[in-house]
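Here is the file query_12.pdb (PDB, C-alpha atoms and all ligand atoms).
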```pdb
MODEL        1
ATOM      1  CA  MET A   9     -23.866  28.270  -3.568
ATOM      2  CA  ALA A  10     -22.529  24.846  -4.489
ATOM      3  CA  SER A  11     -22.195  24.366  -8.183
ATOM      4  CA  LEU A  12     -23.750  21.244  -9.665
ATOM      5  CA  VAL A  13     -20.744  20.004 -11.554
ATOM      6  CA  TRP A  14     -20.875  16.539 -13.050
ATOM      7  CA  HIS A  15     -17.938  14.498 -11.810
ATOM      8  CA  PRO A  16     -17.978  11.212 -13.686
ATOM      9  CA  VAL A  17     -15.720   8.542 -12.333
ATOM     10  CA  GLU A  18     -14.103   5.901 -14.451
ATOM     11  CA  VAL A  19     -16.016   2.795 -13.530
ATOM     12  CA  ALA A  20     -13.351   0.161 -13.725
ATOM     13  CA  LEU A  21     -15.165  -3.095 -13.136
ATOM     14  CA  LEU A  22     -16.762  -3.577 -16.516
ATOM     15  CA  ASP A  23     -14.217  -6.045 -17.847
ATOM     16  CA  GLY A  24     -13.666  -7.963 -14.647
ATOM     17  CA  THR A  25     -15.399  -9.575 -11.727
ATOM     18  CA  LEU A  26     -15.702  -9.095  -8.009
ATOM     19  CA  THR A  27     -15.981 -12.066  -5.695
ATOM     20  CA  ASP A  28     -15.779 -13.217  -2.111
ATOM     21  CA  GLY A  29     -15.401 -16.809  -3.279
ATOM     22  CA  THR A  30     -19.102 -17.582  -2.853
ATOM     23  CA  VAL A  31     -20.829 -14.943  -4.936
ATOM     24  CA  THR A  32     -19.367 -13.273  -8.003
ATOM     25  CA  LEU A  33     -20.430  -9.955  -9.497
ATOM     26  CA  ARG A  34     -19.888  -9.166 -13.165
ATOM     27  CA  ALA A  35     -21.323  -6.689 -15.618
ATOM     28  CA  VAL A  36     -24.834  -7.465 -16.835
ATOM     29  CA  ASP A  37     -25.055  -8.119 -20.567
ATOM     30  CA  GLY A  38     -27.634  -9.236 -23.096
ATOM     31  CA  GLY A  39     -26.964 -12.865 -22.214
ATOM     32  CA  ASP A  40     -28.577 -12.275 -18.818
ATOM     33  CA  GLY A  41     -31.857 -11.262 -20.427
ATOM     34  CA  SER A  42     -33.622 -14.589 -20.057
ATOM     35  CA  ASP A  43     -32.659 -14.951 -16.386
ATOM     36  CA  VAL A  44     -33.666 -11.371 -15.587
ATOM     37  CA  PHE A  45     -36.983 -11.811 -17.373
ATOM     38  CA  ALA A  46     -37.737 -15.168 -15.756
ATOM     39  CA  ALA A  47     -37.108 -13.735 -12.291
ATOM     40  CA  LEU A  48     -38.900 -10.412 -12.659
ATOM     41  CA  SER A  49     -41.910 -11.597 -14.639
ATOM     42  CA  SER A  50     -42.747 -14.339 -12.148
ATOM     43  CA  ASP A  51     -42.451 -12.549  -8.804
ATOM     44  CA  PRO A  52     -44.094  -9.217  -7.879
ATOM     45  CA  THR A  53     -41.934  -8.866  -4.738
ATOM     46  CA  VAL A  54     -39.150  -7.068  -6.559
ATOM     47  CA  ALA A  55     -41.573  -4.570  -8.095
ATOM     48  CA  ARG A  56     -43.159  -3.995  -4.700
ATOM     49  CA  TRP A  57     -39.918  -2.783  -3.167
ATOM     50  CA  THR A  58     -38.097  -1.216  -6.129
ATOM     51  CA  ARG A  59     -38.723   0.779  -9.298
ATOM     52  CA  VAL A  60     -38.975  -2.411 -11.353
ATOM     53  CA  PRO A  61     -42.404  -2.350 -13.059
ATOM     54  CA  TRP A  62     -45.165  -4.923 -12.614
ATOM     55  CA  PRO A  63     -46.301  -6.824 -14.573
ATOM     56  CA  TYR A  64     -42.837  -7.154 -16.042
ATOM     57  CA  THR A  65     -42.861  -7.471 -19.828
ATOM     58  CA  ARG A  66     -40.358  -8.096 -22.607
ATOM     59  CA  ALA A  67     -40.531  -4.377 -23.351
ATOM     60  CA  HIS A  68     -39.381  -3.635 -19.794
ATOM     61  CA  LEU A  69     -36.502  -6.053 -20.221
ATOM     62  CA  ASP A  70     -35.469  -4.399 -23.492
ATOM     63  CA  GLU A  71     -35.614  -0.990 -21.828
ATOM     64  CA  PHE A  72     -33.416  -2.241 -18.990
ATOM     65  CA  LEU A  73     -30.845  -3.776 -21.335
ATOM     66  CA  ARG A  74     -30.756  -0.553 -23.386
ATOM     67  CA  ALA A  75     -30.205   1.446 -20.193
ATOM     68  CA  VAL A  76     -27.390  -0.896 -19.182
ATOM     69  CA  LYS A  77     -25.628  -0.246 -22.492
ATOM     70  CA  VAL A  78     -25.903   3.513 -21.996
ATOM     71  CA  TRP A  79     -24.694   3.284 -18.395
ATOM     72  CA  HIS A  80     -21.732   1.100 -19.264
ATOM     73  CA  SER A  81     -20.656   2.954 -22.380
ATOM     74  CA  GLY A  82     -20.897   6.252 -20.503
ATOM     75  CA  ARG A  83     -19.229   4.653 -17.463
ATOM     76  CA  THR A  84     -21.721   6.302 -15.168
ATOM     77  CA  ASP A  85     -23.432   3.327 -13.546
ATOM     78  CA  LEU A  86     -22.615  -0.311 -12.910
ATOM     79  CA  ALA A  87     -25.315  -2.918 -13.500
ATOM     80  CA  LEU A  88     -24.041  -6.214 -12.150
ATOM     81  CA  ALA A  89     -25.247  -9.787 -12.261
ATOM     82  CA  ILE A  90     -24.919 -11.612  -8.932
ATOM     83  CA  THR A  91     -23.862 -15.182  -9.666
ATOM     84  CA  ASP A  92     -22.769 -18.347  -7.901
ATOM     85  CA  SER A  93     -18.960 -18.381  -7.874
ATOM     86  CA  GLY A  94     -18.884 -22.141  -8.347
ATOM     87  CA  THR A  95     -21.547 -22.776 -10.958
ATOM     88  CA  GLY A  96     -22.176 -19.369 -12.499
ATOM     89  CA  GLU A  97     -25.894 -19.645 -11.656
ATOM     90  CA  PHE A  98     -27.662 -16.305 -11.917
ATOM     91  CA  PHE A  99     -28.916 -15.072  -8.532
ATOM     92  CA  GLY A 100     -30.033 -11.500  -9.180
ATOM     93  CA  CYS A 101     -28.833  -7.995  -9.917
ATOM     94  CA  MET A 102     -27.040  -5.256  -8.065
ATOM     95  CA  GLY A 103     -26.356  -1.743  -9.253
ATOM     96  CA  LEU A 104     -24.179   1.198  -8.350
ATOM     97  CA  HIS A 105     -25.801   4.234  -9.866
ATOM     98  CA  ARG A 106     -24.781   7.759 -10.750
ATOM     99  CA  VAL A 107     -21.174   7.180  -9.764
ATOM    100  CA  GLY A 108     -19.593  10.460  -8.790
ATOM    101  CA  TYR A 109     -22.679  12.591  -9.459
ATOM    102  CA  PRO A 110     -22.967  15.728  -7.380
ATOM    103  CA  ASP A 111     -25.126  15.555  -4.279
ATOM    104  CA  LEU A 112     -28.657  16.720  -5.012
ATOM    105  CA  PRO A 113     -30.306  16.586  -1.599
ATOM    106  CA  ARG A 114     -33.900  16.664  -2.795
ATOM    107  CA  SER A 115     -33.448  14.350  -5.717
ATOM    108  CA  ALA A 116     -35.109  10.941  -5.772
ATOM    109  CA  PHE A 117     -32.002   9.667  -7.486
ATOM    110  CA  LEU A 118     -28.960   9.893  -5.264
ATOM    111  CA  PRO A 119     -25.322   9.781  -6.312
ATOM    112  CA  ASP A 120     -23.382   6.594  -5.593
ATOM    113  CA  GLU A 121     -26.612   4.792  -4.821
ATOM    114  CA  VAL A 122     -26.738   1.032  -4.467
ATOM    115  CA  GLY A 123     -29.757  -1.099  -5.386
ATOM    116  CA  TYR A 124     -30.342  -4.848  -5.618
ATOM    117  CA  TRP A 125     -32.689  -7.765  -5.980
ATOM    118  CA  VAL A 126     -32.252 -11.496  -5.598
ATOM    119  CA  GLN A 127     -34.528 -14.002  -7.302
ATOM    120  CA  ALA A 128     -37.115 -15.700  -5.131
ATOM    121  CA  GLY A 129     -35.661 -19.221  -5.127
ATOM    122  CA  VAL A 130     -32.340 -18.225  -3.553
ATOM    123  CA  ARG A 131     -33.423 -15.669  -0.947
ATOM    124  CA  GLY A 132     -32.479 -16.132   2.694
ATOM    125  CA  ARG A 133     -29.091 -17.702   1.892
ATOM    126  CA  GLY A 134     -26.996 -14.597   2.427
ATOM    127  CA  VAL A 135     -26.599 -13.803  -1.272
ATOM    128  CA  ALA A 136     -27.573 -10.133  -1.053
ATOM    129  CA  THR A 137     -25.494  -9.559   2.075
ATOM    130  CA  ARG A 138     -22.392 -11.032   0.474
ATOM    131  CA  ALA A 139     -22.904  -9.205  -2.801
ATOM    132  CA  LEU A 140     -23.541  -5.879  -1.110
ATOM    133  CA  ARG A 141     -20.425  -6.251   1.013
ATOM    134  CA  VAL A 142     -18.285  -7.028  -2.020
ATOM    135  CA  LEU A 143     -19.632  -4.167  -4.125
ATOM    136  CA  SER A 144     -19.488  -1.687  -1.260
ATOM    137  CA  GLN A 145     -15.853  -2.532  -0.561
ATOM    138  CA  TYR A 146     -15.033  -2.028  -4.221
ATOM    139  CA  ALA A 147     -16.892   1.265  -4.496
ATOM    140  CA  LEU A 148     -15.263   2.692  -1.368
ATOM    141  CA  ASP A 149     -11.735   1.359  -1.903
ATOM    142  CA  VAL A 150     -11.259   1.234  -5.664
ATOM    143  CA  LEU A 151     -13.697   3.827  -6.961
ATOM    144  CA  GLU A 152     -12.845   5.962  -3.937
ATOM    145  CA  ARG A 153     -16.408   6.991  -3.277
ATOM    146  CA  PRO A 154     -16.536   8.845   0.049
ATOM    147  CA  ARG A 155     -19.878   7.274   0.950
ATOM    148  CA  LEU A 156     -22.560   5.109  -0.581
ATOM    149  CA  ASN A 157     -26.300   5.727  -0.501
ATOM    150  CA  LEU A 158     -29.080   3.190  -0.165
ATOM    151  CA  GLN A 159     -32.809   3.795   0.111
ATOM    152  CA  THR A 160     -35.521   1.348   1.153
ATOM    153  CA  LYS A 161     -39.270   1.690   1.094
ATOM    154  CA  VAL A 162     -40.513   1.666   4.675
ATOM    155  CA  GLY A 163     -41.418  -1.897   5.622
ATOM    156  CA  ASN A 164     -38.767  -3.633   3.509
ATOM    157  CA  GLU A 165     -37.288  -5.483   6.464
ATOM    158  CA  ALA A 166     -35.307  -7.980   4.397
ATOM    159  CA  SER A 167     -33.454  -5.167   2.680
ATOM    160  CA  VAL A 168     -32.911  -3.317   5.944
ATOM    161  CA  THR A 169     -31.435  -6.486   7.440
ATOM    162  CA  VAL A 170     -29.023  -6.766   4.529
ATOM    163  CA  ALA A 171     -28.036  -3.101   4.632
ATOM    164  CA  ARG A 172     -27.435  -3.050   8.382
ATOM    165  CA  ARG A 173     -25.378  -6.227   8.276
ATOM    166  CA  VAL A 174     -23.011  -4.608   5.829
ATOM    167  CA  GLY A 175     -22.765  -1.526   8.046
ATOM    168  CA  TYR A 176     -25.132   0.925   6.361
ATOM    169  CA  GLN A 177     -26.285   3.551   8.849
ATOM    170  CA  PHE A 178     -29.777   4.952   9.002
ATOM    171  CA  VAL A 179     -29.809   8.658   8.155
ATOM    172  CA  ALA A 180     -33.367   9.839   7.688
ATOM    173  CA  ARG A 181     -36.909   8.917   6.827
ATOM    174  CA  VAL A 182     -37.955  10.625   3.632
ATOM    175  CA  PRO A 183     -41.684  11.362   3.595
ATOM    176  CA  ALA A 184     -43.603  10.281   0.537
ATOM    177  CA  ARG A 185     -44.319  13.884  -0.419
ATOM    178  CA  ASP A 186     -40.593  14.363  -0.987
ATOM    179  CA  VAL A 187     -40.311  11.206  -3.073
ATOM    180  CA  ASP A 188     -41.115  12.401  -6.509
ATOM    181  CA  ASP A 189     -41.838   9.094  -8.193
ATOM    182  CA  ASP A 190     -43.425   7.086  -5.400
ATOM    183  CA  ASP A 191     -46.159   7.323  -2.792
ATOM    184  CA  VAL A 192     -44.571   5.694   0.236
ATOM    185  CA  ASP A 193     -42.035   6.880   2.784
ATOM    186  CA  HIS A 194     -38.443   5.826   2.256
ATOM    187  CA  ASP A 195     -35.573   5.261   4.680
ATOM    188  CA  ARG A 196     -32.191   6.509   3.662
ATOM    189  CA  TYR A 197     -28.953   4.767   4.644
ATOM    190  CA  VAL A 198     -25.327   5.705   4.138
ATOM    191  CA  LEU A 199     -22.143   3.626   4.288
ATOM    192  CA  ARG A 200     -18.653   4.951   4.877
ATOM    193  CA  ALA A 201     -15.436   2.928   4.992
ATOM    194  CA  ALA A 202     -15.356   2.907   8.795
ATOM    195  CA  ASP A 203     -18.917   1.545   8.947
ATOM    196  CA  LEU A 204     -18.026  -1.303   6.604
ATOM    197  CA  GLU A 205     -14.937  -2.133   8.633
ATOM    198  CA  ALA A 206     -16.880  -2.053  11.912
ATOM    199  CA  SER A 207     -19.534  -4.385  10.500
ATOM    200  CA  ARG A 208     -16.906  -7.066   9.886
ATOM    201  CA  SER A 209     -15.886  -7.204  13.526
ATOM    202  CA  ARG A 210     -19.404  -7.385  14.951
ATOM    203  CA  PRO A 211     -19.855 -10.761  16.661
ATOM    204  CA  SER A 212     -23.519 -11.193  15.748
ATOM    205  CA  VAL A 213     -25.036  -8.693  13.465
ATOM    206  CA  SER A 214     -28.264 -10.661  13.327
ATOM    207  CA  ALA A 215     -28.834  -9.831  16.996
ATOM    208  CA  GLU A 216     -29.427  -6.225  16.019
ATOM    209  CA  PRO A 217     -32.920  -4.898  15.553
ATOM    210  CA  ALA A 218     -33.909  -5.355  11.937
ATOM    211  CA  HIS A 219     -35.449  -1.940  11.794
ATOM    212  CA  PRO A 220     -33.671   1.367  12.354
ATOM    213  CA  ALA A 221     -34.275   2.800  15.760
ATOM    214  CA  ASP A 222     -37.164   4.914  14.618
ATOM    215  CA  ALA A 223     -34.898   7.835  14.333
ATOM    216  CA  ALA A 224     -37.575  10.283  13.555
ATOM    217  CA  GLY A 225     -35.865  12.047  10.784
ATOM    218  CA  THR A 226     -37.648  14.225   8.451
ATOM    219  CA  ALA A 227     -35.716  14.432   5.409
ATOM    220  CA  THR A 228     -34.215  16.156   2.582
ATOM    221  CA  SER A 229     -33.983  13.515  -0.064
ATOM    222  CA  SER A 230     -35.700  10.564  -1.647
ATOM    223  CA  PRO A 231     -36.193   6.992  -2.927
ATOM    224  CA  SER A 232     -34.590   3.832  -4.097
ATOM    225  CA  ALA A 233     -33.152   2.531  -7.312
ATOM    226  CA  PRO A 234     -32.435  -1.116  -8.010
TER     227      PRO A 234
HETATM  228  C1  LIG A 301     -33.927  -7.785  -0.105
HETATM  229  C2  LIG A 301     -33.361  -8.991  -0.819
HETATM  230  C3  LIG A 301     -32.423  -8.511  -1.915
HETATM  231  C4  LIG A 301     -32.566  -9.827   0.180
HETATM  232  O1  LIG A 301     -31.886 -10.865  -0.536
HETATM  233  P1  LIG A 301     -31.356 -12.183   0.228
HETATM  234  O2  LIG A 301     -30.311 -12.789  -0.616
HETATM  235  O3  LIG A 301     -32.508 -13.022   0.622
HETATM  236  O4  LIG A 301     -30.707 -11.513   1.513
HETATM  237  P2  LIG A 301     -29.861 -12.268   2.652
HETATM  238  O5  LIG A 301     -30.151 -13.730   2.616
HETATM  239  O6  LIG A 301     -28.450 -11.818   2.515
HETATM  240  O7  LIG A 301     -30.417 -11.598   3.978
HETATM  241  C5  LIG A 301     -31.797 -11.409   4.156
HETATM  242  C6  LIG A 301     -32.088 -11.474   5.631
HETATM  243  O8  LIG A 301     -33.328 -10.796   5.849
HETATM  244  C7  LIG A 301     -34.141 -11.658   6.561
HETATM  245  N1  LIG A 301     -35.518 -11.336   6.261
HETATM  246  C8  LIG A 301     -36.247 -11.717   5.207
HETATM  247  N2  LIG A 301     -37.483 -11.214   5.314
HETATM  248  C9  LIG A 301     -37.518 -10.504   6.457
HETATM  249  C10 LIG A 301     -38.504  -9.759   7.127
HETATM  250  N3  LIG A 301     -39.729  -9.649   6.629
HETATM  251  N4  LIG A 301     -38.197  -9.172   8.312
HETATM  252  C11 LIG A 301     -36.950  -9.278   8.819
HETATM  253  N5  LIG A 301     -35.965  -9.973   8.223
HETATM  254  C12 LIG A 301     -36.250 -10.572   7.057
HETATM  255  C13 LIG A 301     -33.753 -13.027   6.095
HETATM  256  O9  LIG A 301     -34.245 -14.023   6.967
HETATM  257  C14 LIG A 301     -32.267 -12.892   6.116
HETATM  258  O10 LIG A 301     -31.752 -12.950   7.422
HETATM  259  P3  LIG A 301     -31.151 -14.337   8.033
HETATM  260  O11 LIG A 301     -29.875 -14.568   7.303
HETATM  261  O12 LIG A 301     -30.950 -14.024   9.476
HETATM  262  O13 LIG A 301     -32.156 -15.392   7.775
HETATM  263  C15 LIG A 301     -34.473  -9.885  -1.424
HETATM  264  O14 LIG A 301     -35.409 -10.185  -0.418
HETATM  265  C16 LIG A 301     -35.184  -9.209  -2.586
HETATM  266  O15 LIG A 301     -34.770  -9.347  -3.729
HETATM  267  N6  LIG A 301     -36.270  -8.467  -2.288
HETATM  268  C17 LIG A 301     -37.032  -7.762  -3.328
HETATM  269  C18 LIG A 301     -36.240  -6.596  -3.912
HETATM  270  C19 LIG A 301     -35.770  -5.624  -2.847
HETATM  271  O16 LIG A 301     -36.407  -5.446  -1.823
HETATM  272  N7  LIG A 301     -34.629  -4.987  -3.114
HETATM  273  C20 LIG A 301     -34.061  -4.000  -2.224
HETATM  274  C21 LIG A 301     -34.643  -2.649  -2.471
HETATM  275  S1  LIG A 301     -33.987  -1.443  -1.315
ENDMDL
END
```

How would this structure read if it were set down as structure tokens?
Amino acid sequence: MASLVWHPVEVALLDGTLTDGTVTLRAVDGGDGSDVFAALSSDPTVARWTRVPWPYTRAHLDEFLRAVKVWHSGRTDLALAITDSGTGEFFGCMGLHRVGYPDLPRSAFLPDEVGYWVQAGVRGRGVATRALRVLSQYALDVLERPRLNLQTKVGNEASVTVARRVGYQFVARVPARDVDDDDVDHDRYVLRAADLEASRSRPSVSAEPAHPADAAGTATSSPSAP
């Protein structure tokens, strides 16, 4: 029987940035509080598709910023601000969670799991796709994660479009009964280095179906974490 050994990985990004020249990712800090609050308290879309609560209050923000401190001091998770490389404008957040945790197939919280949101005013400009590509490359190449996990609530076509563009592959549909903190089915995606590489050479990723080919998986694991 596999032992459930905790394998923390030194998360190296915390003092630096990641960029593709258009978007830049850096560690979230208290200075992002007002932008995070403004975005999440004014738009229920993020709460609809993630674990972010709604209505979003100052207490939720404080809880998030406390969690970020714990994650970063323990070097277990990365909470990143997505920003404009030119102006520094705040676009949203992206996380890499439970870095190096052991695989717990029935857990709602997967190891090396990516989550993200982009604020309403800048959606549809490729921000999430760029940011996810940059973070995924870093996690696979620098953190040497063998694969990355991503979970979407069924029906979140914008997120599926982003994930598939970056090369994430549909693995299974997780029925709601196996999602221990939610009541909707989730789709699970995985990215490996070869998938990321292949996605770069695709002539027109947008020509692909936005939804996974109804691969009727039943599943072993569960939901999504922003
Ligand atoms: C998902 C999300 C992060 C995407 O951010 P974004 O910066 O707008 O993403 P991108 O611009 O890189 O790509 C989104 C693509 O999805 C497309 N899209 C948007 N809504 C769609 C829908 N209902 N059906 C199909 N495609 C959709 C966009 O048109 C765009 O494609 P295009 O470039 O061909 O126009 C953003 O919508 C969001 O924050 N949603 C709420 C939180 C969330 O769902 N997080 C993910 C949880 S798994």

Minimum-distance residue to Asn164 of chain A, chosen among A:Asp203, A:Asp149, A:Asp111, A:Asp193 (using all atoms listed in the file):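 Nearest to Asn164 of chain A: A:Asp193.
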
Surroundings of ligand LIG 301 (chain A) up to 7 Å, based on all atoms listed in the file, as a ChimeraX atom specification: /A:53-54,57-58,123-128,130-138,158-161,164-167,169-170,214,218,232,234

Residues from the last selection, C-alpha atoms, saved as a PDB file, in the frame of the given file:
```pdb
ATOM      1  CA  THR A  53     -41.934  -8.866  -4.738  1.00  0.00           C
ATOM      2  CA  VAL A  54     -39.150  -7.068  -6.559  1.00  0.00           C
ATOM      3  CA  TRP A  57     -39.918  -2.783  -3.167  1.00  0.00           C
ATOM      4  CA  THR A  58     -38.097  -1.216  -6.129  1.00  0.00           C
ATOM      5  CA  GLY A 123     -29.757  -1.099  -5.386  1.00  0.00           C
ATOM      6  CA  TYR A 124     -30.342  -4.848  -5.618  1.00  0.00           C
ATOM      7  CA  TRP A 125     -32.689  -7.765  -5.980  1.00  0.00           C
ATOM      8  CA  VAL A 126     -32.252 -11.496  -5.598  1.00  0.00           C
ATOM      9  CA  GLN A 127     -34.528 -14.002  -7.302  1.00  0.00           C
ATOM     10  CA  ALA A 128     -37.115 -15.700  -5.131  1.00  0.00           C
ATOM     11  CA  VAL A 130     -32.340 -18.225  -3.553  1.00  0.00           C
ATOM     12  CA  ARG A 131     -33.423 -15.669  -0.947  1.00  0.00           C
ATOM     13  CA  GLY A 132     -32.479 -16.132   2.694  1.00  0.00           C
ATOM     14  CA  ARG A 133     -29.091 -17.702   1.892  1.00  0.00           C
ATOM     15  CA  GLY A 134     -26.996 -14.597   2.427  1.00  0.00           C
ATOM     16  CA  VAL A 135     -26.599 -13.803  -1.272  1.00  0.00           C
ATOM     17  CA  ALA A 136     -27.573 -10.133  -1.053  1.00  0.00           C
ATOM     18  CA  THR A 137     -25.494  -9.559   2.075  1.00  0.00           C
ATOM     19  CA  ARG A 138     -22.392 -11.032   0.474  1.00  0.00           C
ATOM     20  CA  LEU A 158     -29.080   3.190  -0.165  1.00  0.00           C
ATOM     21  CA  GLN A 159     -32.809   3.795   0.111  1.00  0.00           C
ATOM     22  CA  THR A 160     -35.521   1.348   1.153  1.00  0.00           C
ATOM     23  CA  LYS A 161     -39.270   1.690   1.094  1.00  0.00           C
ATOM     24  CA  ASN A 164     -38.767  -3.633   3.509  1.00  0.00           C
ATOM     25  CA  GLU A 165     -37.288  -5.483   6.464  1.00  0.00           C
ATOM     26  CA  ALA A 166     -35.307  -7.980   4.397  1.00  0.00           C
ATOM     27  CA  SER A 167     -33.454  -5.167   2.680  1.00  0.00           C
ATOM     28  CA  THR A 169     -31.435  -6.486   7.440  1.00  0.00           C
ATOM     29  CA  VAL A 170     -29.023  -6.766   4.529  1.00  0.00           C
ATOM     30  CA  SER A 214     -28.264 -10.661  13.327  1.00  0.00           C
ATOM     31  CA  ALA A 218     -33.909  -5.355  11.937  1.00  0.00           C
ATOM     32  CA  SER A 232     -34.590   3.832  -4.097  1.00  0.00           C
ATOM     33  CA  PRO A 234     -32.435  -1.116  -8.010  1.00  0.00           C
TER      34      PRO A 234
END
```

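Counting all atoms listed in the file, Asp191 of chain A has the following residues at most 10 Å away, ignoring those fewer than 6 positions along the same chain: A:Lys161, A:Pro183, A:Ala184, A:Arg185, A:Pro231.
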
Picked residues, the PyMOL selection byres (((chain A and resi 43-52) around 12) and not hetatm), expected as an MDAnalysis selection string: chainID A and resid 36:42 53:73 88:91 97:102 125:130

Which of A:Ala35, A:Leu151, A:Leu156, A:Val162 sits closest to Val192 of chain A [using only C-alpha atoms]: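 Nearest to Val192 of chain A: A:Val162.
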
Option closest in space to Trp79 of chain A, from A:His105, A:Ala139, A:Arg34, A:Gln177 [counting only C-alpha atoms]: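 Smallest separation from Trp79 of chain A among the options: A:His105.
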
Point-to-point distance in Å for atom CA of Leu140 of chain A and atom CA of Gly82 of chain A: 23.0 Å

Ref. answer, residues at most 12 Å from (-20.2, 8.3, -11.2) with all atoms listed in the file, as a ChimeraX atom specification: /A:13-20,79-80,82-86,103-111,118-122,147,151-154,156

Between atom CA of Val179 of chain A and atom CA of Ser207 of chain A - distance in Å to one decimal: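 Value for the atom CA of Ser207 of chain A-atom CA of Val179 of chain A distance: 16.8 Å.
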
First collect every listed atom of segment 148-153 of chain A; then fit an axis-aligned box around them, widen it by 5 Å on each side, and give centre and edge lengths in Å to one decimal, as AutoDock Vina command-line options.
```
--center_x -13.8 --center_y 4.1 --center_z -4.2 --size_x 15.1 --size_y 15.8 --size_z 15.6
```

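For the pair atom CA of Leu26 of chain A and atom CA of Arg196 of chain A, the separation is 25.5 Å.
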
Nearest-residue call for Asp195 of chain A, choices A:Arg181, A:Arg208, A:Arg173, A:Lys77, using only C-alpha atoms: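 Among the listed residues, A:Arg181 lies closest to Asp195 of chain A.
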